[in-house]
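Visitor: Provided below: entry-v3.txt, containing compact mmCIF, C-alpha atoms.
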```
# COMPACT_ATOMS: atom_id res chain seq x y z
CA MET A 448 0.00 0.00 0.00
CA ASN A 449 1.62 3.26 -1.05
CA ILE A 450 1.55 6.59 0.73
CA ARG A 451 -1.12 7.98 -1.58
CA SER A 452 -3.51 5.14 -0.75
CA VAL A 453 -2.91 5.59 2.95
CA PHE A 454 -3.65 9.30 2.66
CA LEU A 455 -6.86 8.61 0.78
CA LEU A 456 -8.00 6.04 3.29
CA ASN A 457 -7.24 8.38 6.18
CA THR A 458 -9.13 11.18 4.48
CA MET A 459 -12.10 8.92 3.85
CA ALA A 460 -12.04 7.78 7.46
CA LEU A 461 -11.97 11.38 8.62
CA VAL A 462 -14.89 12.26 6.37
CA MET A 463 -16.84 9.23 7.58
CA MET A 464 -16.13 10.18 11.17
CA GLN A 465 -17.29 13.75 10.53
CA LEU A 466 -20.43 12.49 8.84
CA SER A 467 -21.07 10.19 11.74
CA ILE A 468 -20.64 13.03 14.22
CA ALA A 469 -22.74 15.35 12.05
CA GLN A 470 -25.54 12.81 12.12
CA ASP A 471 -25.42 12.96 15.91
CA VAL A 472 -25.39 16.76 16.00
CA LYS A 473 -28.69 18.39 15.35
CA MET A 474 -29.91 21.94 15.17
CA ARG A 475 -33.40 23.15 15.91
CA LEU A 476 -34.63 26.49 14.67
CA GLN A 477 -37.72 28.18 13.33
CA LYS A 478 -37.87 28.12 9.55
CA THR A 479 -39.27 31.63 9.45
CA VAL A 480 -38.61 34.61 11.69
CA GLU A 481 -40.16 38.05 11.45
CA ALA A 482 -37.66 40.83 10.87
CA GLY A 483 -36.42 42.25 14.13
CA ALA A 484 -38.07 39.58 16.28
CA ALA A 485 -36.21 37.61 18.93
CA PHE A 486 -35.50 33.98 18.12
CA SER A 487 -33.35 31.09 19.26
CA ILE A 488 -31.36 28.21 17.83
CA GLN A 489 -30.78 24.98 19.70
CA SER A 490 -28.10 22.41 19.06
CA THR A 491 -27.43 19.02 20.56
CA GLY A 492 -24.26 17.53 21.95
CA ASN A 493 -21.42 18.86 24.03
CA GLY A 494 -18.49 21.16 23.43
CA LYS A 495 -17.86 24.41 21.73
CA ALA A 496 -18.88 25.33 18.21
CA THR A 497 -19.29 28.33 15.96
CA LEU A 498 -22.68 29.43 14.68
CA TYR A 499 -22.95 31.41 11.46
CA ILE A 500 -26.05 33.05 10.03
CA VAL A 501 -25.11 34.23 6.57
CA GLY A 502 -26.95 35.97 3.76
CA PRO A 503 -26.38 38.91 1.45
CA ASP A 504 -28.43 41.11 3.76
CA GLN A 505 -26.78 40.34 7.08
CA VAL A 506 -24.11 38.19 8.70
CA LEU A 507 -23.97 37.02 12.30
CA LYS A 508 -21.40 34.82 14.03
CA ARG A 509 -21.48 33.44 17.55
CA GLU A 510 -19.31 31.14 19.60
CA ILE A 511 -21.77 28.72 21.19
CA GLN A 512 -21.90 25.89 23.65
CA ARG A 513 -23.54 22.86 22.09
CA GLY A 514 -26.53 21.55 23.96
CA GLU A 515 -27.57 25.04 24.97
CA THR A 516 -30.03 27.42 23.41
CA THR A 517 -28.52 30.40 21.63
CA LEU A 518 -30.73 33.42 21.96
CA PHE A 519 -30.89 36.28 19.50
CA ALA A 520 -32.48 39.37 20.97
CA ALA A 521 -35.06 41.49 19.20
CA GLY A 522 -33.48 43.74 16.61
CA GLN A 523 -30.43 41.58 15.95
CA LEU A 524 -31.59 39.99 12.70
CA TYR A 525 -33.73 42.53 10.89
CA ASN A 526 -33.09 42.39 7.15
CA ALA A 527 -35.59 40.23 5.30
CA GLY A 528 -34.03 37.50 3.22
CA HIS A 529 -32.88 33.93 2.94
CA TYR A 530 -30.11 32.92 5.34
CA LEU A 531 -27.83 29.96 5.64
CA VAL A 532 -27.39 28.78 9.22
CA LEU A 533 -24.21 26.88 9.89
CA ILE A 534 -22.86 25.26 13.04
CA GLU A 535 -19.25 24.20 12.86
CA GLY A 536 -17.53 22.21 15.56
CA GLU A 537 -14.20 20.48 15.76
CA ASN A 538 -15.28 17.48 13.72
CA PHE A 539 -18.54 18.42 12.12
CA THR A 540 -20.48 21.00 10.17
CA ILE A 541 -24.26 21.09 9.99
CA SER A 542 -26.41 23.56 8.16
CA ASP A 543 -30.00 24.65 7.75
CA ALA A 544 -31.91 27.56 6.24
CA LEU A 545 -33.75 30.44 7.83
CA ASP A 546 -36.10 32.90 6.16
CA VAL A 547 -36.51 36.33 7.66
CA VAL A 548 -39.78 37.86 6.54
CA PRO A 549 -40.69 41.56 6.70
CA ALA A 550 -42.56 42.80 9.76
CA ARG A 551 -46.30 42.97 9.17
CA LYS A 552 -46.72 46.57 10.26
CA PRO A 553 -45.98 49.13 7.53
CA ALA A 554 -43.66 51.90 8.64
CA ALA A 555 -42.75 53.71 5.43
CA LEU A 556 -44.31 54.38 2.05
CA SER A 557 -42.36 55.18 -1.05
CA PHE A 558 -44.91 57.16 -3.03
CA LEU A 559 -44.32 58.29 -6.59
CA ALA A 560 -46.92 60.63 -8.10
CA LYS A 561 -46.89 62.28 -11.49
CA PRO A 562 -47.28 64.85 -12.89
CA SER A 563 -46.90 67.54 -10.25
CA ARG A 564 -48.65 70.08 -12.49
CA LEU A 565 -51.33 69.53 -15.11
CA PRO A 566 -54.43 71.06 -16.67
CA VAL A 567 -57.85 70.57 -15.10
CA SER A 568 -60.44 67.99 -16.17
CA LEU A 569 -58.22 65.28 -17.62
CA HIS A 570 -59.30 61.68 -17.18
CA ASN A 571 -56.84 59.32 -15.45
CA ALA A 572 -54.07 61.86 -15.99
CA ILE A 573 -52.54 61.60 -12.52
CA THR A 574 -50.81 58.38 -11.52
CA GLY A 575 -49.53 57.23 -8.18
CA ALA A 576 -47.46 54.19 -7.30
CA VAL A 577 -46.49 53.09 -3.85
CA TYR A 578 -44.06 50.60 -2.33
CA VAL A 579 -44.71 49.54 1.27
CA PHE A 580 -41.85 49.01 3.72
CA ASP A 581 -41.54 47.93 7.34
CA ALA A 582 -39.49 49.70 10.01
CA TYR A 583 -36.31 48.01 8.74
CA HIS A 584 -36.89 49.08 5.12
CA ASN A 585 -37.93 45.58 4.09
CA LEU A 586 -40.47 45.51 1.27
CA ILE A 587 -43.70 44.09 2.73
CA LEU A 588 -44.82 41.40 0.33
CA ILE A 589 -48.08 40.29 1.92
CA PRO A 590 -51.11 41.92 0.24
CA THR A 591 -51.80 45.20 2.03
CA PRO A 592 -54.66 47.60 1.21
CA VAL A 593 -53.52 51.11 0.33
CA THR A 594 -55.96 54.02 0.21
CA PHE A 595 -55.22 56.60 -2.46
CA GLU A 596 -57.11 59.85 -1.98
CA MET A 597 -57.03 63.16 -3.77
CA THR A 598 -58.62 66.23 -2.26
CA ASN A 599 -58.82 69.82 -3.43
CA SER A 600 -59.44 73.04 -1.55
CA SER A 601 -63.21 72.58 -1.73
CA GLY A 602 -62.86 69.20 -0.04
CA ALA A 603 -64.03 67.15 -3.01
CA ALA A 604 -62.23 63.83 -3.00
CA GLN A 605 -61.49 60.89 -5.23
CA LYS A 606 -60.71 57.73 -3.33
CA HIS A 607 -59.38 54.38 -4.52
CA ILE A 608 -58.41 51.41 -2.37
CA VAL A 609 -55.82 49.15 -3.99
CA VAL A 610 -54.28 46.00 -2.50
CA THR A 611 -50.54 45.65 -2.98
CA GLN A 612 -49.10 42.85 -5.04
CA ASP A 613 -45.46 41.94 -4.44
CA GLY A 614 -45.16 45.05 -2.32
CA SER A 615 -46.46 47.60 -4.80
CA ALA A 616 -49.76 49.22 -5.73
CA TRP A 617 -50.75 51.91 -8.18
CA THR A 618 -53.73 53.99 -9.21
CA GLU A 619 -54.92 56.67 -11.61
CA MET A 620 -56.86 59.82 -10.74
CA ASP A 621 -58.69 62.47 -12.75
CA SER A 622 -57.61 66.05 -12.49
CA THR A 623 -60.51 68.01 -11.05
CA ALA A 624 -62.50 70.79 -12.72
CA GLN A 625 -61.18 73.55 -10.47
CA GLN A 626 -57.70 74.95 -10.67
CA GLY A 627 -55.64 75.01 -7.49
CA ILE A 628 -53.49 72.85 -5.24
CA ASP A 629 -54.64 69.29 -4.61
CA ASN A 630 -53.25 66.84 -2.09
CA PHE A 631 -52.64 63.32 -3.37
CA VAL A 632 -52.35 61.00 -0.38
CA ALA A 633 -51.37 57.34 -0.09
CA ARG A 634 -52.41 55.91 3.27
CA ILE A 635 -52.25 52.67 5.25
CA ASP A 636 -53.94 53.05 8.63
CA ASP A 637 -52.21 56.00 10.33
CA LEU A 638 -49.26 55.97 7.94
CA SER A 639 -49.49 58.36 5.01
CA SER A 640 -47.48 60.10 2.37
CA VAL A 641 -48.66 63.27 0.58
CA ARG A 642 -47.78 64.69 -2.82
CA VAL A 643 -48.95 68.10 -3.98
CA ILE A 644 -50.50 68.30 -7.44
CA GLU A 645 -51.03 71.72 -8.97
CA GLN A 646 -53.95 71.89 -11.35
CA VAL A 647 -53.85 74.74 -13.81
CA PRO A 648 -56.53 75.95 -16.23
CA GLY A 649 -56.93 74.07 -19.46
CA ASP A 650 -56.90 75.55 -22.95
CA PRO A 651 -58.98 78.69 -23.57
CA CYS A 652 -62.57 77.96 -24.41
CA GLY A 653 -64.94 80.20 -26.40
CA LEU A 654 -62.20 82.72 -27.19
CA LYS A 655 -63.94 85.90 -28.39
CA MET A 656 -62.74 89.37 -29.40
CA ASN A 657 -64.45 92.67 -30.05
CA ALA A 658 -63.32 95.50 -32.31
CA ARG A 659 -63.83 99.25 -32.27
CA LEU A 660 -62.33 101.97 -34.37
CA SER A 661 -59.79 104.17 -32.64
CA GLY A 662 -58.60 106.90 -35.00
CA GLN A 663 -57.16 105.24 -38.10
CA GLU A 664 -56.62 101.97 -36.30
CA LEU A 665 -58.77 99.18 -35.00
CA GLN A 666 -58.74 98.47 -31.26
CA LEU A 667 -59.08 94.70 -30.70
CA ALA A 668 -59.79 93.24 -27.26
CA THR A 669 -60.79 89.82 -26.07
CA ASP A 670 -63.44 89.02 -23.52
CA PRO A 671 -61.97 87.63 -20.27
CA VAL A 672 -60.24 84.43 -21.37
CA ARG A 673 -61.31 81.29 -19.50
CA ASP A 674 -61.12 77.54 -19.95
CA CYS A 675 -64.18 75.37 -20.49
CA ASN A 676 -64.67 75.04 -16.71
CA GLY A 677 -64.62 78.80 -16.15
CA ASN A 678 -61.09 78.93 -14.73
CA ALA A 679 -59.30 82.14 -15.69
CA ILE A 680 -56.38 81.60 -18.05
CA PRO A 681 -53.28 83.01 -16.32
CA ASP A 682 -51.89 86.40 -17.25
CA GLY A 683 -48.91 86.15 -19.56
CA THR A 684 -50.53 83.56 -21.80
CA ILE A 685 -49.94 84.66 -25.37
CA VAL A 686 -52.88 85.60 -27.56
CA THR A 687 -52.31 86.12 -31.27
CA PHE A 688 -54.28 88.64 -33.36
CA THR A 689 -53.98 88.17 -37.11
CA GLU A 690 -55.10 90.54 -39.85
CA THR A 691 -55.31 89.03 -43.34
CA TYR A 692 -55.83 91.31 -46.33
CA ASP A 693 -55.17 91.30 -50.10
CA GLU A 694 -51.60 92.56 -49.85
CA GLY A 695 -50.54 90.36 -46.99
CA GLN A 696 -50.87 89.56 -43.32
CA SER A 697 -50.08 91.28 -40.00
CA ILE A 698 -49.63 89.35 -36.78
CA VAL A 699 -49.49 90.69 -33.22
CA ASP A 700 -48.71 88.51 -30.19
CA VAL A 701 -49.75 89.97 -26.86
CA PRO A 702 -49.81 88.49 -23.36
CA LEU A 703 -52.98 88.35 -21.31
CA LYS A 704 -53.18 91.16 -18.79
CA HIS A 705 -55.89 91.14 -16.15
CA GLY A 706 -57.46 88.25 -18.05
CA ILE A 707 -57.80 89.99 -21.41
CA ALA A 708 -55.61 90.68 -24.44
CA GLU A 709 -55.65 93.95 -26.37
CA ALA A 710 -53.97 95.15 -29.58
CA GLN A 711 -54.20 97.98 -32.07
CA MET A 712 -53.92 97.11 -35.73
CA SER A 713 -54.05 99.14 -38.91
CA THR A 714 -57.14 98.73 -41.06
CA HIS A 715 -57.32 97.53 -44.65
CA HIS A 716 -60.48 97.31 -46.70
CA GLY A 717 -61.84 93.78 -46.67
CA ALA A 718 -59.37 92.60 -44.00
CA ILE A 719 -60.25 89.65 -41.81
CA PHE A 720 -59.15 89.76 -38.16
CA SER A 721 -58.85 86.54 -36.22
CA VAL A 722 -57.76 85.66 -32.70
CA ALA A 723 -56.09 82.53 -31.37
CA SER A 724 -54.28 81.25 -28.29
CA GLY A 725 -52.09 78.23 -28.82
CA VAL A 726 -54.10 75.80 -30.89
CA VAL A 727 -57.43 77.36 -29.94
CA LEU A 728 -59.06 79.61 -32.53
CA GLY A 729 -61.49 82.34 -31.62
CA ASN A 730 -63.94 84.35 -33.68
CA GLN A 731 -63.24 86.34 -36.87
CA ILE A 732 -64.21 89.92 -37.72
CA ARG A 733 -64.36 91.23 -41.32
CA TRP A 734 -63.56 94.93 -41.69
CA GLU A 735 -65.25 97.00 -44.41
CA LYS A 736 -64.40 100.72 -44.71
CA MET B 1425 -52.41 28.35 -13.37
CA GLN B 1426 -50.65 27.95 -16.66
CA LYS B 1427 -47.32 29.66 -16.85
CA PRO B 1428 -46.92 32.24 -19.59
CA PRO B 1429 -44.85 31.18 -22.58
CA LEU B 1430 -41.19 31.80 -22.49
CA ILE B 1431 -39.84 34.40 -24.80
CA PHE B 1432 -36.24 33.48 -24.28
CA CYS B 1433 -34.85 30.27 -23.02
CA ALA B 1434 -31.41 29.52 -21.76
CA PHE B 1435 -30.27 33.00 -22.63
CA LEU B 1436 -26.64 33.03 -21.66
CA ILE B 1437 -24.98 35.99 -20.16
CA LEU B 1438 -21.25 36.17 -20.38
CA SER B 1439 -19.55 36.39 -17.09
CA SER B 1440 -16.39 34.75 -18.21
CA ALA B 1441 -14.61 38.08 -18.11
CA ILE B 1442 -14.01 37.57 -14.41
CA GLY B 1443 -13.35 33.88 -14.66
CA PHE B 1444 -16.68 32.40 -13.67
CA PRO B 1445 -18.72 29.97 -15.68
CA GLN B 1446 -21.79 31.17 -17.48
CA GLU B 1447 -25.12 31.19 -15.73
CA SER B 1448 -28.33 30.25 -17.47
CA VAL B 1449 -31.05 32.84 -17.66
CA ARG B 1450 -34.68 32.22 -18.44
CA ILE B 1451 -36.85 35.25 -19.01
CA GLU B 1452 -40.57 34.84 -18.88
CA THR B 1453 -43.08 37.05 -20.61
CA PRO B 1454 -43.71 40.10 -18.43
CA ALA B 1455 -46.89 39.89 -16.38
CA LEU B 1456 -47.11 43.60 -16.00
CA LEU B 1457 -49.28 45.36 -13.50
CA GLY B 1458 -49.84 48.95 -14.39
CA PRO B 1459 -51.01 50.98 -17.35
CA ARG B 1460 -47.64 51.49 -18.93
CA SER B 1461 -46.25 49.15 -21.55
CA LEU B 1462 -42.60 48.29 -21.33
CA PRO B 1463 -40.62 48.99 -24.50
CA GLU B 1464 -38.39 46.17 -25.70
CA GLN B 1465 -35.30 48.33 -25.33
CA ALA B 1466 -36.08 49.13 -21.70
CA ARG B 1467 -36.83 45.48 -20.96
CA THR B 1468 -33.52 44.37 -22.41
CA ALA B 1469 -31.66 47.08 -20.53
CA VAL B 1470 -33.24 46.39 -17.17
CA ILE B 1471 -32.56 42.65 -17.39
CA ARG B 1472 -28.99 43.24 -18.52
CA ASP B 1473 -28.37 45.70 -15.69
CA TYR B 1474 -29.97 43.41 -13.13
CA LEU B 1475 -27.84 40.43 -14.16
CA GLN B 1476 -24.76 42.62 -14.03
CA SER B 1477 -25.69 43.56 -10.48
CA TRP B 1478 -25.00 39.94 -9.48
CA GLN B 1479 -21.49 40.34 -10.81
CA SER B 1480 -21.05 43.47 -8.69
CA LEU B 1481 -22.46 41.66 -5.66
CA ARG B 1482 -20.15 38.70 -6.25
CA ALA B 1483 -17.04 40.85 -6.50
CA ALA B 1484 -17.99 43.09 -3.56
CA PHE B 1485 -18.69 40.18 -1.20
CA ASP B 1486 -15.70 38.14 -2.30
CA GLN B 1487 -13.29 41.03 -1.84
CA ASN B 1488 -15.19 42.63 1.06
CA ARG B 1489 -15.31 45.89 -0.86
CA PRO B 1490 -18.60 47.79 -0.53
CA ASP B 1491 -17.42 50.31 -3.13
CA LEU B 1492 -17.84 47.67 -5.82
CA LEU B 1493 -21.59 47.72 -5.22
CA SER B 1494 -22.14 51.31 -6.23
CA PRO B 1495 -22.42 51.02 -10.00
CA ALA B 1496 -25.24 48.50 -9.73
CA PHE B 1497 -26.97 49.19 -6.41
CA VAL B 1498 -28.47 52.30 -4.89
CA GLY B 1499 -30.50 53.32 -1.87
CA THR B 1500 -31.72 50.67 0.53
CA ALA B 1501 -30.22 47.76 -1.38
CA GLN B 1502 -26.80 49.35 -1.45
CA ASP B 1503 -26.99 50.32 2.22
CA LYS B 1504 -27.98 46.83 3.31
CA LEU B 1505 -25.43 44.99 1.20
CA ALA B 1506 -22.67 47.41 2.21
CA GLY B 1507 -23.67 46.88 5.84
CA THR B 1508 -23.32 43.13 5.41
CA ILE B 1509 -19.86 43.52 3.93
CA GLN B 1510 -18.84 45.67 6.88
CA GLN B 1511 -20.15 42.93 9.19
CA GLN B 1512 -18.12 40.38 7.25
CA VAL B 1513 -14.98 42.49 7.64
CA ALA B 1514 -15.57 42.84 11.38
CA LEU B 1515 -16.07 39.08 11.75
CA GLY B 1516 -13.17 38.06 9.49
CA ILE B 1517 -15.56 36.42 7.05
CA SER B 1518 -15.94 36.62 3.30
CA THR B 1519 -18.55 34.98 1.12
CA ARG B 1520 -18.52 33.92 -2.50
CA TYR B 1521 -21.81 34.03 -4.33
CA GLN B 1522 -22.00 32.34 -7.72
CA ASP B 1523 -25.34 32.62 -9.46
CA ARG B 1524 -26.03 29.52 -11.57
CA ALA B 1525 -29.48 30.09 -12.98
CA HIS B 1526 -32.07 32.83 -13.12
CA ASP B 1527 -35.74 32.43 -13.93
CA LEU B 1528 -37.03 35.95 -13.96
CA GLN B 1529 -40.17 37.85 -14.77
CA ILE B 1530 -40.92 41.55 -14.85
CA VAL B 1531 -44.08 42.08 -12.81
CA PHE B 1532 -44.48 45.83 -12.42
CA TYR B 1533 -43.58 48.92 -14.39
CA SER B 1534 -44.73 51.93 -12.43
CA PRO B 1535 -46.98 54.33 -14.35
CA GLU B 1536 -44.54 57.22 -14.23
CA GLY B 1537 -41.75 54.98 -15.54
CA LEU B 1538 -39.48 55.41 -12.54
CA SER B 1539 -39.38 51.85 -11.22
CA ILE B 1540 -39.47 48.29 -12.46
CA GLU B 1541 -40.07 45.25 -10.27
CA ILE B 1542 -38.69 41.81 -11.10
CA ILE B 1543 -39.26 38.42 -9.50
CA ASP B 1544 -36.27 36.13 -9.94
CA LYS B 1545 -36.07 32.50 -8.90
CA VAL B 1546 -32.34 32.22 -8.66
CA ASN B 1547 -30.02 29.28 -8.07
CA TYR B 1548 -26.69 30.16 -6.59
CA ASP B 1549 -23.80 28.68 -4.67
CA ILE B 1550 -22.53 30.30 -1.53
CA GLN B 1551 -19.12 29.65 -0.09
CA ILE B 1552 -18.37 30.84 3.43
CA ILE B 1553 -14.76 31.62 4.24
CA ASP B 1554 -13.72 32.41 7.81
CA ASN B 1555 -10.21 33.70 8.30
CA GLY B 1556 -9.10 32.15 5.05
CA ARG B 1557 -10.65 28.73 5.66
CA ILE B 1558 -13.56 27.52 3.58
CA LYS B 1559 -16.29 26.50 5.99
CA THR B 1560 -18.91 25.29 3.58
CA VAL B 1561 -20.19 25.44 0.04
CA GLN B 1562 -23.96 25.31 -0.27
CA HIS B 1563 -26.34 25.37 -3.16
CA VAL B 1564 -29.30 27.67 -2.61
CA THR B 1565 -32.54 28.24 -4.48
CA SER B 1566 -34.34 31.39 -3.53
CA THR B 1567 -36.88 33.81 -4.98
CA TYR B 1568 -35.80 37.41 -5.04
CA VAL B 1569 -37.93 40.51 -5.37
CA ILE B 1570 -36.00 43.29 -7.04
CA VAL B 1571 -36.95 46.90 -7.65
CA LEU B 1572 -34.81 48.88 -10.06
CA THR B 1573 -34.86 52.60 -10.73
CA PRO B 1574 -33.27 54.47 -13.61
CA ALA B 1575 -30.02 56.35 -13.15
CA GLU B 1576 -28.07 58.39 -15.68
CA VAL B 1577 -26.93 55.55 -17.90
CA ARG B 1578 -28.37 52.36 -16.41
CA TRP B 1579 -30.97 50.81 -14.15
CA ARG B 1580 -29.82 50.37 -10.55
CA VAL B 1581 -31.12 47.93 -7.98
CA ARG B 1582 -32.93 49.75 -5.16
CA VAL B 1583 -34.61 46.77 -3.46
CA PHE B 1584 -32.93 43.35 -3.36
CA GLN B 1585 -34.79 40.99 -1.12
CA ALA B 1586 -35.30 37.23 -0.94
CA GLU B 1587 -38.81 36.18 -0.07
CA SER B 1588 -39.80 33.27 2.11
CA GLU B 1589 -40.19 30.02 0.20
```
Just dump the structure as structure tokens.

Guide:
Amino acid sequence: MNIRSVFLLNTMALVMMQLSIAQDVKMRLQKTVEAGAAFSIQSTGNGKATLYIVGPDQVLKREIQRGETTLFAAGQLYNAGHYLVLIEGENFTISDALDVVPARKPAALSFLAKPSRLPVSLHNAITGAVYVFDAYHNLILIPTPVTFEMTNSSGAAQKHIVVTQDGSAWTEMDSTAQQGIDNFVARIDDLSSVRVIEQVPGDPCGLKMNARLSGQELQLATDPVRDCNGNAIPDGTIVTFTETYDEGQSIVDVPLKHGIAEAQMSTHHGAIFSVASGVVLGNQIRWEK
Amino acid sequence: MQKPPLIFCAFLILSSAIGFPQESVRIETPALLGPRSLPEQARTAVIRDYLQSWQSLRAAFDQNRPDLLSPAFVGTAQDKLAGTIQQQVALGISTRYQDRAHDLQIVFYSPEGLSIEIIDKVNYDIQIIDNGRIKTVQHVTSTYVIVLTPAEVRWRVRVFQAESE
């Protein structure tokens, strides 16, 4: 028998002995522990050993006395995940698995809402998505009802209740008819997160101008410019007056001031004056001398 | 419930650049919650960036270098993984993670386009090394929930969490 064979036999004997010892050594632990909760691991036998709890989210190591219960206090293992539990002694290694699940009570909401500013009266134009976390920033994966609510200054509210799936939930809301600041809230029990949504007037509606002669020129002025819900279009919005006549065209852009736009334009026989704001066309006036 | 058809099967991602064998990747048809459709280009990018995050994790944990996490991880995921590496350093431990197979599905694309959620049933090996001695090599199958958010040039992992089997 050569040296190599002896080495192999010795190695095999050592492995067999370790296996035999490992079969005698047992570990008892819960398969699932809530994040941050106290738990314990028991092992059989006598002597010292090293206990490892290893995962990408946390690592713990303890020198233990076999046959005793190793206690882990609340807050020691708090990151949700899958962990390998290993007990290594002088002649053995045994392992098991432990799942740490998120705490049931939500403690933080990650709430994304968009857009932060939009015109009034648009259907399903505001979206909100929420991720639900526990106190240790673990994503809570059990279905959890989330209340989405949007309120404006008059107190009118839209309310949707959505149950999370894989930790997330989303909803869509209409922008309301009135301009102003709305609060978009995601809520679970007493936990809430608020996003402010500014609703601005929509496009001008029923844009109308009047004309009167002022010396040799024509004084053009719009009625107060509002959207289709009666919200005043903000000052500074550009209104375009156009005069079209045989020899050509004249265009004047003016901003709204105090809700109306005014311009003076020269007069040509047979000219047609029109008014527009953005893509919205108003009335036309034909000028005959 | 019948599983959705596979759009790719055994899609191999090269990881040989750092000397590891290739892992197999199976990508299932997205089962998207939410009103927003996911463009093909974004889907390819998010899966590519997620799989690359395993390479970052592997290198960071093997070398006990939290800085290697930063290109791929952000926020809570980065904080937690970096915290684990610091624990490893304090305990004289390092760990080697080698992902062998991924079976992943995109399940949520948030309406504003700022987050994507993936469920990945991943097979990996973990090797625990304590003060230079290999303590064990174990094969693990676990289901991960991952949330990625867009950064300047790539998607980064913001939530990286195994769920209970």

Visitor: Would you mind reading off the distance between atom CA of A:Thr714 and atom CA of A:Leu728, one decimal, in Å?

Guide: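 Spanning atom CA of A:Thr714 to atom CA of A:Leu728 is a straight-line distance of 21.0 Å.
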
Visitor: With 10 Å as the limit and counting all atoms listed in the file, what residues in chain B lie close to chain A? Please list them as JSON, numbers by chain.

Guide: {"B": [1457, 1458, 1459, 1481, 1482, 1485, 1500, 1501, 1502, 1503, 1504, 1505, 1506, 1507, 1508, 1509, 1510, 1511, 1512, 1515, 1516, 1517, 1518, 1519, 1521, 1531, 1532, 1533, 1534, 1535, 1536, 1537, 1538, 1539, 1541, 1542, 1543, 1550, 1552, 1554, 1559, 1560, 1562, 1564, 1565, 1566, 1567, 1568, 1569, 1570, 1571, 1583, 1584, 1585, 1586, 1587, 1588, 1589]}

Visitor: I need the residues from that last selection saved to file as a CSV table (one decimal), in the frame of the given file (with C-alpha atoms), if you can.

Guide:
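See again09.csv below for the written result:
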```csv
chain,number,residue,atom,x,y,z
B,1457,LEU,CA,-49.3,45.4,-13.5
B,1458,GLY,CA,-49.8,49.0,-14.4
B,1459,PRO,CA,-51.0,51.0,-17.4
B,1481,LEU,CA,-22.5,41.7,-5.7
B,1482,ARG,CA,-20.2,38.7,-6.2
B,1485,PHE,CA,-18.7,40.2,-1.2
B,1500,THR,CA,-31.7,50.7,0.5
B,1501,ALA,CA,-30.2,47.8,-1.4
B,1502,GLN,CA,-26.8,49.4,-1.4
B,1503,ASP,CA,-27.0,50.3,2.2
B,1504,LYS,CA,-28.0,46.8,3.3
B,1505,LEU,CA,-25.4,45.0,1.2
B,1506,ALA,CA,-22.7,47.4,2.2
B,1507,GLY,CA,-23.7,46.9,5.8
B,1508,THR,CA,-23.3,43.1,5.4
B,1509,ILE,CA,-19.9,43.5,3.9
B,1510,GLN,CA,-18.8,45.7,6.9
B,1511,GLN,CA,-20.2,42.9,9.2
B,1512,GLN,CA,-18.1,40.4,7.2
B,1515,LEU,CA,-16.1,39.1,11.8
B,1516,GLY,CA,-13.2,38.1,9.5
B,1517,ILE,CA,-15.6,36.4,7.0
B,1518,SER,CA,-15.9,36.6,3.3
B,1519,THR,CA,-18.6,35.0,1.1
B,1521,TYR,CA,-21.8,34.0,-4.3
B,1531,VAL,CA,-44.1,42.1,-12.8
B,1532,PHE,CA,-44.5,45.8,-12.4
B,1533,TYR,CA,-43.6,48.9,-14.4
B,1534,SER,CA,-44.7,51.9,-12.4
B,1535,PRO,CA,-47.0,54.3,-14.4
B,1536,GLU,CA,-44.5,57.2,-14.2
B,1537,GLY,CA,-41.8,55.0,-15.5
B,1538,LEU,CA,-39.5,55.4,-12.5
B,1539,SER,CA,-39.4,51.8,-11.2
B,1541,GLU,CA,-40.1,45.2,-10.3
B,1542,ILE,CA,-38.7,41.8,-11.1
B,1543,ILE,CA,-39.3,38.4,-9.5
B,1550,ILE,CA,-22.5,30.3,-1.5
B,1552,ILE,CA,-18.4,30.8,3.4
B,1554,ASP,CA,-13.7,32.4,7.8
B,1559,LYS,CA,-16.3,26.5,6.0
B,1560,THR,CA,-18.9,25.3,3.6
B,1562,GLN,CA,-24.0,25.3,-0.3
B,1564,VAL,CA,-29.3,27.7,-2.6
B,1565,THR,CA,-32.5,28.2,-4.5
B,1566,SER,CA,-34.3,31.4,-3.5
B,1567,THR,CA,-36.9,33.8,-5.0
B,1568,TYR,CA,-35.8,37.4,-5.0
B,1569,VAL,CA,-37.9,40.5,-5.4
B,1570,ILE,CA,-36.0,43.3,-7.0
B,1571,VAL,CA,-37.0,46.9,-7.6
B,1583,VAL,CA,-34.6,46.8,-3.5
B,1584,PHE,CA,-32.9,43.4,-3.4
B,1585,GLN,CA,-34.8,41.0,-1.1
B,1586,ALA,CA,-35.3,37.2,-0.9
B,1587,GLU,CA,-38.8,36.2,-0.1
B,1588,SER,CA,-39.8,33.3,2.1
B,1589,GLU,CA,-40.2,30.0,0.2
```

Visitor: So what do you get for atom CA of A:Gly653 versus atom CA of A:Glu690, distance-wise?

Guide: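 That distance, rounded to one decimal, is 19.6 Å.
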
Visitor: Using all atoms listed in the file, find the one residue out of B:Arg1520, B:Arg1460, B:His1526, B:Arg1450 that sits nearest to B:Ile1540.

Guide: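 Counting all atoms listed in the file, the residue closest to B:Ile1540 is B:Arg1460.
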
Visitor: Between atom CA of A:Gln523 and atom CA of B:Tyr1474, what is the distance in Å, rounded to a tenth?

Guide: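 That distance, rounded to one decimal, is 29.1 Å.
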
Visitor: Check the smallest atom-to-atom distance from each of A:Phe539, A:Phe519, A:Phe688, A:Phe595 to A:Gly494 using all atoms listed in the file, then report the winner.

Guide: A:Phe539

Visitor: Compare A:Asn571, A:Ser557, A:Ser713, A:Thr611 by their minimum atom-to-atom distance to A:Val641, counting only C-alpha atoms, and give me the closest one.

Guide: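 Selected residue with least distance to A:Val641: A:Ser557.
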